[in-house]
$ cat coords-v4.cif   # mmCIF, N, CA and C atoms
data_coords
loop_
_atom_site.group_PDB
_atom_site.id
_atom_site.type_symbol
_atom_site.label_atom_id
_atom_site.label_comp_id
_atom_site.auth_asym_id
_atom_site.auth_seq_id
_atom_site.Cartn_x
_atom_site.Cartn_y
_atom_site.Cartn_z
ATOM 1 N N MET A 1 -69.034 102.941 196.099
ATOM 2 C CA MET A 1 -67.771 102.588 195.465
ATOM 3 C C MET A 1 -67.181 101.314 196.068
ATOM 4 N N ALA A 2 -67.369 101.126 197.375
ATOM 5 C CA ALA A 2 -66.832 99.943 198.038
ATOM 6 C C ALA A 2 -67.427 98.671 197.453
ATOM 7 N N TRP A 3 -68.712 98.711 197.097
ATOM 8 C CA TRP A 3 -69.362 97.530 196.532
ATOM 9 C C TRP A 3 -68.782 97.191 195.167
ATOM 10 N N ILE A 4 -68.485 98.187 194.384
ATOM 11 C CA ILE A 4 -67.886 97.959 193.062
ATOM 12 C C ILE A 4 -66.497 97.358 193.218
ATOM 13 N N LEU A 5 -65.712 97.908 194.143
ATOM 14 C CA LEU A 5 -64.373 97.365 194.398
ATOM 15 C C LEU A 5 -64.449 95.931 194.889
ATOM 16 N N LEU A 6 -65.434 95.648 195.732
ATOM 17 C CA LEU A 6 -65.605 94.290 196.233
ATOM 18 C C LEU A 6 -65.980 93.328 195.108
ATOM 19 N N LEU A 7 -66.836 93.755 194.213
ATOM 20 C CA LEU A 7 -67.208 92.926 193.058
ATOM 21 C C LEU A 7 -65.987 92.631 192.189
ATOM 22 N N ILE A 8 -65.198 93.659 191.915
ATOM 23 C CA ILE A 8 -63.987 93.470 191.099
ATOM 24 C C ILE A 8 -63.011 92.543 191.822
ATOM 25 N N ALA A 9 -62.859 92.729 193.135
ATOM 26 C CA ALA A 9 -61.975 91.859 193.921
ATOM 27 C C ALA A 9 -62.426 90.409 193.825
ATOM 28 N N GLY A 10 -63.732 90.178 193.880
ATOM 29 C CA GLY A 10 -64.264 88.820 193.762
ATOM 30 C C GLY A 10 -63.999 88.219 192.393
ATOM 31 N N ILE A 11 -64.154 89.017 191.362
ATOM 32 C CA ILE A 11 -63.871 88.540 190.001
ATOM 33 C C ILE A 11 -62.390 88.202 189.851
ATOM 34 N N LEU A 12 -61.537 89.046 190.418
ATOM 35 C CA LEU A 12 -60.100 88.778 190.361
ATOM 36 C C LEU A 12 -59.742 87.515 191.140
ATOM 37 N N GLU A 13 -60.514 87.208 192.181
ATOM 38 C CA GLU A 13 -60.289 85.960 192.907
ATOM 39 C C GLU A 13 -60.537 84.763 191.994
ATOM 40 N N VAL A 14 -61.564 84.852 191.173
ATOM 41 C CA VAL A 14 -61.848 83.784 190.208
ATOM 42 C C VAL A 14 -60.697 83.668 189.205
ATOM 43 N N VAL A 15 -60.209 84.804 188.736
ATOM 44 C CA VAL A 15 -59.113 84.801 187.762
ATOM 45 C C VAL A 15 -57.867 84.159 188.361
ATOM 46 N N TRP A 16 -57.533 84.528 189.612
ATOM 47 C CA TRP A 16 -56.313 83.933 190.174
ATOM 48 C C TRP A 16 -56.485 82.453 190.469
ATOM 49 N N ALA A 17 -57.672 82.028 190.832
ATOM 50 C CA ALA A 17 -57.897 80.599 191.062
ATOM 51 C C ALA A 17 -57.736 79.822 189.752
ATOM 52 N N TYR A 18 -58.282 80.362 188.690
ATOM 53 C CA TYR A 18 -58.173 79.716 187.379
ATOM 54 C C TYR A 18 -56.721 79.694 186.901
ATOM 55 N N SER A 19 -56.033 80.822 187.037
ATOM 56 C CA SER A 19 -54.634 80.855 186.591
ATOM 57 C C SER A 19 -53.764 79.957 187.466
ATOM 58 N N MET A 20 -54.133 79.792 188.750
ATOM 59 C CA MET A 20 -53.388 78.866 189.595
ATOM 60 C C MET A 20 -53.544 77.435 189.078
ATOM 61 N N LYS A 21 -54.735 77.077 188.663
ATOM 62 C CA LYS A 21 -54.977 75.760 188.077
ATOM 63 C C LYS A 21 -54.126 75.581 186.825
ATOM 64 N N LEU A 22 -54.077 76.622 185.988
ATOM 65 C CA LEU A 22 -53.296 76.564 184.751
ATOM 66 C C LEU A 22 -51.789 76.532 185.011
ATOM 67 N N SER A 23 -51.363 76.992 186.184
ATOM 68 C CA SER A 23 -49.925 77.036 186.489
ATOM 69 C C SER A 23 -49.335 75.652 186.748
ATOM 70 N N GLU A 24 -50.220 74.656 186.916
ATOM 71 C CA GLU A 24 -49.797 73.276 187.169
ATOM 72 C C GLU A 24 -48.811 73.213 188.335
ATOM 73 N N GLY A 25 -49.275 73.716 189.487
ATOM 74 C CA GLY A 25 -48.443 73.684 190.689
ATOM 75 C C GLY A 25 -47.292 74.677 190.642
ATOM 76 N N PHE A 26 -47.507 75.800 190.011
ATOM 77 C CA PHE A 26 -46.511 76.867 189.854
ATOM 78 C C PHE A 26 -45.292 76.406 189.054
ATOM 79 N N THR A 27 -45.519 75.527 188.077
ATOM 80 C CA THR A 27 -44.431 75.068 187.211
ATOM 81 C C THR A 27 -44.428 75.773 185.859
ATOM 82 N N ARG A 28 -45.466 76.563 185.583
ATOM 83 C CA ARG A 28 -45.550 77.317 184.324
ATOM 84 C C ARG A 28 -45.491 78.798 184.662
ATOM 85 N N LEU A 29 -44.552 79.517 184.045
ATOM 86 C CA LEU A 29 -44.239 80.895 184.429
ATOM 87 C C LEU A 29 -45.404 81.862 184.246
ATOM 88 N N THR A 30 -45.984 81.930 183.064
ATOM 89 C CA THR A 30 -47.017 82.937 182.796
ATOM 90 C C THR A 30 -48.232 82.788 183.721
ATOM 91 N N PRO A 31 -48.810 81.606 183.857
ATOM 92 C CA PRO A 31 -49.938 81.489 184.782
ATOM 93 C C PRO A 31 -49.537 81.741 186.241
ATOM 94 N N THR A 32 -48.297 81.399 186.600
ATOM 95 C CA THR A 32 -47.825 81.648 187.962
ATOM 96 C C THR A 32 -47.763 83.142 188.239
ATOM 97 N N VAL A 33 -47.194 83.902 187.312
ATOM 98 C CA VAL A 33 -47.105 85.356 187.467
ATOM 99 C C VAL A 33 -48.508 85.955 187.506
ATOM 100 N N MET A 34 -49.378 85.478 186.634
ATOM 101 C CA MET A 34 -50.755 85.984 186.606
ATOM 102 C C MET A 34 -51.453 85.701 187.932
ATOM 103 N N THR A 35 -51.242 84.524 188.497
ATOM 104 C CA THR A 35 -51.833 84.178 189.787
ATOM 105 C C THR A 35 -51.402 85.172 190.857
ATOM 106 N N ILE A 36 -50.114 85.418 190.940
ATOM 107 C CA ILE A 36 -49.584 86.309 191.982
ATOM 108 C C ILE A 36 -50.100 87.729 191.807
ATOM 109 N N VAL A 37 -50.089 88.225 190.579
ATOM 110 C CA VAL A 37 -50.567 89.597 190.312
ATOM 111 C C VAL A 37 -52.056 89.725 190.642
ATOM 112 N N MET A 38 -52.853 88.756 190.213
ATOM 113 C CA MET A 38 -54.294 88.805 190.479
ATOM 114 C C MET A 38 -54.591 88.656 191.973
ATOM 115 N N MET A 39 -53.806 87.839 192.678
ATOM 116 C CA MET A 39 -53.985 87.706 194.128
ATOM 117 C C MET A 39 -53.753 89.036 194.829
ATOM 118 N N ILE A 40 -52.650 89.681 194.479
ATOM 119 C CA ILE A 40 -52.321 90.967 195.099
ATOM 120 C C ILE A 40 -53.410 91.993 194.801
ATOM 121 N N ALA A 41 -53.862 92.045 193.548
ATOM 122 C CA ALA A 41 -54.911 92.999 193.172
ATOM 123 C C ALA A 41 -56.213 92.692 193.904
ATOM 124 N N SER A 42 -56.580 91.416 193.977
ATOM 125 C CA SER A 42 -57.818 91.017 194.640
ATOM 126 C C SER A 42 -57.778 91.369 196.127
ATOM 127 N N PHE A 43 -56.686 90.995 196.795
ATOM 128 C CA PHE A 43 -56.549 91.314 198.221
ATOM 129 C C PHE A 43 -56.521 92.821 198.446
ATOM 130 N N GLY A 44 -55.851 93.537 197.554
ATOM 131 C CA GLY A 44 -55.779 94.992 197.691
ATOM 132 C C GLY A 44 -57.149 95.645 197.589
ATOM 133 N N LEU A 45 -57.925 95.249 196.594
ATOM 134 C CA LEU A 45 -59.267 95.810 196.435
ATOM 135 C C LEU A 45 -60.179 95.402 197.590
ATOM 136 N N LEU A 46 -60.044 94.166 198.055
ATOM 137 C CA LEU A 46 -60.821 93.729 199.213
ATOM 138 C C LEU A 46 -60.491 94.590 200.430
ATOM 139 N N SER A 47 -59.221 94.857 200.643
ATOM 140 C CA SER A 47 -58.830 95.652 201.808
ATOM 141 C C SER A 47 -59.365 97.082 201.725
ATOM 142 N N ILE A 48 -59.410 97.630 200.531
ATOM 143 C CA ILE A 48 -59.962 98.980 200.362
ATOM 144 C C ILE A 48 -61.469 98.957 200.626
ATOM 145 N N ALA A 49 -62.154 97.949 200.107
ATOM 146 C CA ALA A 49 -63.599 97.836 200.328
ATOM 147 C C ALA A 49 -63.907 97.674 201.813
ATOM 148 N N MET A 50 -63.019 96.984 202.537
ATOM 149 C CA MET A 50 -63.238 96.747 203.965
ATOM 150 C C MET A 50 -63.064 98.005 204.819
ATOM 151 N N ARG A 51 -62.575 99.061 204.228
ATOM 152 C CA ARG A 51 -62.486 100.329 204.972
ATOM 153 C C ARG A 51 -63.879 100.816 205.362
ATOM 154 N N THR A 52 -64.868 100.529 204.518
ATOM 155 C CA THR A 52 -66.222 101.008 204.800
ATOM 156 C C THR A 52 -67.240 99.891 204.998
ATOM 157 N N LEU A 53 -66.980 98.713 204.451
ATOM 158 C CA LEU A 53 -67.927 97.606 204.602
ATOM 159 C C LEU A 53 -67.570 96.762 205.821
ATOM 160 N N PRO A 54 -68.567 96.181 206.466
ATOM 161 C CA PRO A 54 -68.278 95.304 207.601
ATOM 162 C C PRO A 54 -67.463 94.083 207.167
ATOM 163 N N LEU A 55 -66.581 93.632 208.039
ATOM 164 C CA LEU A 55 -65.716 92.489 207.755
ATOM 165 C C LEU A 55 -66.515 91.274 207.297
ATOM 166 N N GLY A 56 -67.504 90.881 208.075
ATOM 167 C CA GLY A 56 -68.275 89.675 207.758
ATOM 168 C C GLY A 56 -68.962 89.761 206.412
ATOM 169 N N THR A 57 -69.515 90.902 206.111
ATOM 170 C CA THR A 57 -70.202 91.097 204.833
ATOM 171 C C THR A 57 -69.216 91.062 203.674
ATOM 172 N N ALA A 58 -68.159 91.854 203.773
ATOM 173 C CA ALA A 58 -67.191 91.950 202.681
ATOM 174 C C ALA A 58 -66.528 90.603 202.408
ATOM 175 N N TYR A 59 -66.071 89.943 203.463
ATOM 176 C CA TYR A 59 -65.360 88.688 203.279
ATOM 177 C C TYR A 59 -66.273 87.587 202.754
ATOM 178 N N THR A 60 -67.480 87.534 203.270
ATOM 179 C CA THR A 60 -68.429 86.516 202.809
ATOM 180 C C THR A 60 -68.767 86.708 201.334
ATOM 181 N N ILE A 61 -69.019 87.930 200.937
ATOM 182 C CA ILE A 61 -69.361 88.197 199.537
ATOM 183 C C ILE A 61 -68.162 87.927 198.631
ATOM 184 N N TRP A 62 -66.973 88.326 199.061
ATOM 185 C CA TRP A 62 -65.755 88.099 198.280
ATOM 186 C C TRP A 62 -65.520 86.604 198.052
ATOM 187 N N THR A 63 -65.601 85.829 199.121
ATOM 188 C CA THR A 63 -65.380 84.385 198.979
ATOM 189 C C THR A 63 -66.518 83.725 198.201
ATOM 190 N N GLY A 64 -67.738 84.240 198.365
ATOM 191 C CA GLY A 64 -68.878 83.689 197.622
ATOM 192 C C GLY A 64 -68.741 83.908 196.133
ATOM 193 N N ILE A 65 -68.336 85.114 195.752
ATOM 194 C CA ILE A 65 -68.109 85.394 194.328
ATOM 195 C C ILE A 65 -67.023 84.464 193.807
ATOM 196 N N GLY A 66 -65.971 84.306 194.584
ATOM 197 C CA GLY A 66 -64.879 83.426 194.175
ATOM 198 C C GLY A 66 -65.322 81.984 194.038
ATOM 199 N N ALA A 67 -66.099 81.504 195.003
ATOM 200 C CA ALA A 67 -66.542 80.107 194.984
ATOM 201 C C ALA A 67 -67.465 79.822 193.807
ATOM 202 N N VAL A 68 -68.470 80.656 193.621
ATOM 203 C CA VAL A 68 -69.421 80.439 192.526
ATOM 204 C C VAL A 68 -68.748 80.688 191.180
ATOM 205 N N GLY A 69 -67.921 81.710 191.122
ATOM 206 C CA GLY A 69 -67.193 81.999 189.882
ATOM 207 C C GLY A 69 -66.268 80.863 189.491
ATOM 208 N N ALA A 70 -65.537 80.309 190.462
ATOM 209 C CA ALA A 70 -64.645 79.189 190.178
ATOM 210 C C ALA A 70 -65.443 77.959 189.751
ATOM 211 N N PHE A 71 -66.588 77.770 190.359
ATOM 212 C CA PHE A 71 -67.476 76.669 189.985
ATOM 213 C C PHE A 71 -67.882 76.798 188.514
ATOM 214 N N ILE A 72 -68.295 77.995 188.118
ATOM 215 C CA ILE A 72 -68.722 78.235 186.730
ATOM 216 C C ILE A 72 -67.548 78.091 185.766
ATOM 217 N N VAL A 73 -66.404 78.672 186.115
ATOM 218 C CA VAL A 73 -65.215 78.567 185.256
ATOM 219 C C VAL A 73 -64.801 77.105 185.103
ATOM 220 N N GLY A 74 -64.866 76.353 186.188
ATOM 221 C CA GLY A 74 -64.519 74.935 186.119
ATOM 222 C C GLY A 74 -65.394 74.174 185.150
ATOM 223 N N ILE A 75 -66.666 74.474 185.157
ATOM 224 C CA ILE A 75 -67.598 73.801 184.250
ATOM 225 C C ILE A 75 -67.370 74.250 182.806
ATOM 226 N N VAL A 76 -67.301 75.568 182.604
ATOM 227 C CA VAL A 76 -67.235 76.119 181.249
ATOM 228 C C VAL A 76 -65.885 75.873 180.580
ATOM 229 N N PHE A 77 -64.792 76.090 181.317
ATOM 230 C CA PHE A 77 -63.470 76.035 180.690
ATOM 231 C C PHE A 77 -62.683 74.760 180.983
ATOM 232 N N LEU A 78 -63.020 74.065 182.047
ATOM 233 C CA LEU A 78 -62.231 72.888 182.420
ATOM 234 C C LEU A 78 -63.009 71.580 182.299
ATOM 235 N N GLY A 79 -64.263 71.660 181.874
ATOM 236 C CA GLY A 79 -65.057 70.463 181.663
ATOM 237 C C GLY A 79 -65.393 69.707 182.943
ATOM 238 N N GLU A 80 -65.494 70.438 184.055
ATOM 239 C CA GLU A 80 -65.816 69.785 185.319
ATOM 240 C C GLU A 80 -67.279 69.351 185.346
ATOM 241 N N GLN A 81 -67.555 68.417 186.213
ATOM 242 C CA GLN A 81 -68.880 67.793 186.322
ATOM 243 C C GLN A 81 -69.963 68.795 186.705
ATOM 244 N N VAL A 82 -71.113 68.652 186.060
ATOM 245 C CA VAL A 82 -72.312 69.400 186.444
ATOM 246 C C VAL A 82 -73.290 68.389 187.020
ATOM 247 N N SER A 83 -73.741 68.636 188.222
ATOM 248 C CA SER A 83 -74.745 67.762 188.823
ATOM 249 C C SER A 83 -75.771 68.632 189.534
ATOM 250 N N THR A 84 -76.906 68.061 189.769
ATOM 251 C CA THR A 84 -77.969 68.798 190.459
ATOM 252 C C THR A 84 -77.505 69.274 191.821
ATOM 253 N N MET A 85 -76.806 68.420 192.559
ATOM 254 C CA MET A 85 -76.360 68.797 193.896
ATOM 255 C C MET A 85 -75.352 69.940 193.857
ATOM 256 N N ARG A 86 -74.422 69.914 192.902
ATOM 257 C CA ARG A 86 -73.425 70.998 192.797
ATOM 258 C C ARG A 86 -74.103 72.318 192.416
ATOM 259 N N VAL A 87 -75.056 72.255 191.491
ATOM 260 C CA VAL A 87 -75.779 73.474 191.096
ATOM 261 C C VAL A 87 -76.589 74.009 192.275
ATOM 262 N N CYS A 88 -77.250 73.138 193.014
ATOM 263 C CA CYS A 88 -78.008 73.575 194.195
ATOM 264 C C CYS A 88 -77.089 74.221 195.224
ATOM 265 N N ALA A 89 -75.909 73.660 195.412
ATOM 266 C CA ALA A 89 -74.941 74.250 196.346
ATOM 267 C C ALA A 89 -74.550 75.656 195.893
ATOM 268 N N ALA A 90 -74.300 75.830 194.607
ATOM 269 C CA ALA A 90 -73.938 77.149 194.078
ATOM 270 C C ALA A 90 -75.092 78.134 194.244
ATOM 271 N N VAL A 91 -76.313 77.674 194.013
ATOM 272 C CA VAL A 91 -77.490 78.535 194.196
ATOM 273 C C VAL A 91 -77.603 78.973 195.656
ATOM 274 N N LEU A 92 -77.349 78.068 196.579
ATOM 275 C CA LEU A 92 -77.397 78.425 197.997
ATOM 276 C C LEU A 92 -76.332 79.459 198.351
ATOM 277 N N ILE A 93 -75.156 79.336 197.757
ATOM 278 C CA ILE A 93 -74.103 80.337 197.992
ATOM 279 C C ILE A 93 -74.560 81.695 197.478
ATOM 280 N N VAL A 94 -75.141 81.728 196.283
ATOM 281 C CA VAL A 94 -75.640 82.991 195.719
ATOM 282 C C VAL A 94 -76.726 83.572 196.630
ATOM 283 N N CYS A 95 -77.602 82.737 197.138
ATOM 284 C CA CYS A 95 -78.637 83.220 198.062
ATOM 285 C C CYS A 95 -77.999 83.838 199.298
ATOM 286 N N GLY A 96 -76.962 83.211 199.803
ATOM 287 C CA GLY A 96 -76.250 83.762 200.957
ATOM 288 C C GLY A 96 -75.609 85.103 200.644
ATOM 289 N N ILE A 97 -75.030 85.230 199.457
ATOM 290 C CA ILE A 97 -74.426 86.502 199.040
ATOM 291 C C ILE A 97 -75.495 87.590 198.983
ATOM 292 N N VAL A 98 -76.625 87.284 198.377
ATOM 293 C CA VAL A 98 -77.712 88.264 198.265
ATOM 294 C C VAL A 98 -78.209 88.667 199.655
ATOM 295 N N LEU A 99 -78.390 87.706 200.530
ATOM 296 C CA LEU A 99 -78.852 88.019 201.886
ATOM 297 C C LEU A 99 -77.845 88.870 202.650
ATOM 298 N N MET A 100 -76.544 88.591 202.483
ATOM 299 C CA MET A 100 -75.527 89.406 203.146
ATOM 300 C C MET A 100 -75.580 90.847 202.626
ATOM 301 N N LYS A 101 -75.746 90.988 201.324
ATOM 302 C CA LYS A 101 -75.831 92.335 200.737
ATOM 303 C C LYS A 101 -77.061 93.064 201.254
ATOM 304 N N LEU A 102 -78.200 92.381 201.275
ATOM 305 C CA LEU A 102 -79.446 93.004 201.728
ATOM 306 C C LEU A 102 -79.404 93.348 203.210
ATOM 307 N N SER A 103 -78.647 92.589 203.973
ATOM 308 C CA SER A 103 -78.600 92.838 205.422
ATOM 309 C C SER A 103 -77.598 93.920 205.801
ATOM 310 N N SER A 104 -76.789 94.358 204.843
ATOM 311 C CA SER A 104 -75.786 95.368 205.139
ATOM 312 C C SER A 104 -76.398 96.758 205.078
ATOM 313 N N SER A 105 -76.012 97.583 206.023
ATOM 314 C CA SER A 105 -76.528 98.949 206.042
ATOM 315 C C SER A 105 -75.710 99.879 205.148
ATOM 316 N N HIS A 106 -74.662 99.372 204.523
ATOM 317 C CA HIS A 106 -73.791 100.200 203.683
ATOM 318 C C HIS A 106 -74.216 100.133 202.240
#

$ encode --input "coords-v4.cif" --output "C-alpha cells"
Amino acid sequence: MAWILLLIAGILEVVWAYSMKLSEGFTRLTPTVMTIVMMIASFGLLSIAMRTLPLGTAYTIWTGIGAVGAFIVGIVFLGEQVSTMRVCAAVLIVCGIVLMKLSSSH
C-alpha cells in the first residue's frame, strides 16, 4: 500500500508543479488554490508512505516521479524544448527510480 501512496504522491507533485506554473506567480486564484491543495495532499501521502518505506527510497522516488512527470508535462502541455540531452537525463532519472525500487526490501 505504501508504494501505491507514494506513486499517487508523486503524481500529485506533478499536478502541483503544473498548477503553480499556471498560477503565474500566485496571481491567479484557481491555479493557486489547486497548487496548495495538491501540495498538501502530496506531502501527506508521502508522509504516510514514509511510515514503512525508507526515507532515501521514498524521497528519491517521489522527487523522481515529480521531475520526470514535470518534464513530460512541460513538453506535452507547455511546448517546452525536446532535445536528446534532456530525454537522456529523464531516462537516467527513471533508471535511478527503478534501481531505488529494486534495492528496497519493502

$ select_by_dssp --input "coords-v4.cif" --residues "chain A" --states "helix (DSSP H, G or I)" --output "JSON, numbers by chain"
{"A": [2, 3, 4, 5, 6, 7, 8, 9, 10, 11, 12, 13, 14, 15, 16, 17, 18, 19, 20, 21, 22, 29, 30, 31, 32, 33, 34, 35, 36, 37, 38, 39, 40, 41, 42, 43, 44, 45, 46, 47, 48, 49, 55, 56, 57, 58, 59, 60, 61, 62, 63, 64, 65, 66, 67, 68, 69, 70, 71, 72, 73, 74, 75, 76, 77, 78, 84, 85, 86, 87, 88, 89, 90, 91, 92, 93, 94, 95, 96, 97, 98, 99, 100, 101, 102, 103]}

$ residues_around --input "coords-v4.cif" --residues "range 10-26 of chain A" --least-positions-apart "6" --cutoff "8 Å" --atoms "only C-alpha atoms" --output "list in words"
Thr32, Met34, Thr35, Ile36, Met38, Met39, Ala41, Ser42, Ile61, Trp62, Thr63, Gly64, Ile65, Gly66, Ala67, Gly69, Ala70 and Val73 of chain A

$ residues_near_point --input "coords-v4.cif" --point "(-72.2, 99.1, 201.9)" --cutoff "6 Å" --atoms "only N, CA and C atoms" --output "list in words"
Trp3, Thr52, Leu53, Ser104, Ser105 and His106 of chain A

$ atom_distance --input "coords-v4.cif" --atom1 "atom C of Pro31 in chain A" --atom2 "CA of Leu45 in chain A"
19.9 Å

$ resolve_selection --input "coords-v4.cif" --expression "the PyMOL selection byres (((chain A and resi 89-101 and name CA) around 7) and name CA)" --output "list of chain:residue names"
A:Thr57, A:Ile61, A:Gly64, A:Val68, A:Met85, A:Arg86, A:Val87, A:Cys88, A:Leu102, A:Ser103, A:Ser104

$ resolve_selection --input "coords-v4.cif" --expression "the PyMOL selection byres (((chain A and resi 5 and name CA) around 10) and name CA)" --output "PyMOL selection string"
chain A and resi 1-4+6-11+42+44-50

$ axis_aligned_box --input "coords-v4.cif" --around "range 14-29 of chain A" --padding-each-side "6 Å" --output "JSON"
{"center_x": -53.0, "center_y": 79.0, "center_z": 187.6, "size_x": 29.6, "size_y": 23.6, "size_z": 19.1}

$ atom_distance --input "coords-v4.cif" --atom1 "atom N of Phe43 in chain A" --atom2 "CA of Ala58 in chain A"
12.1 Å
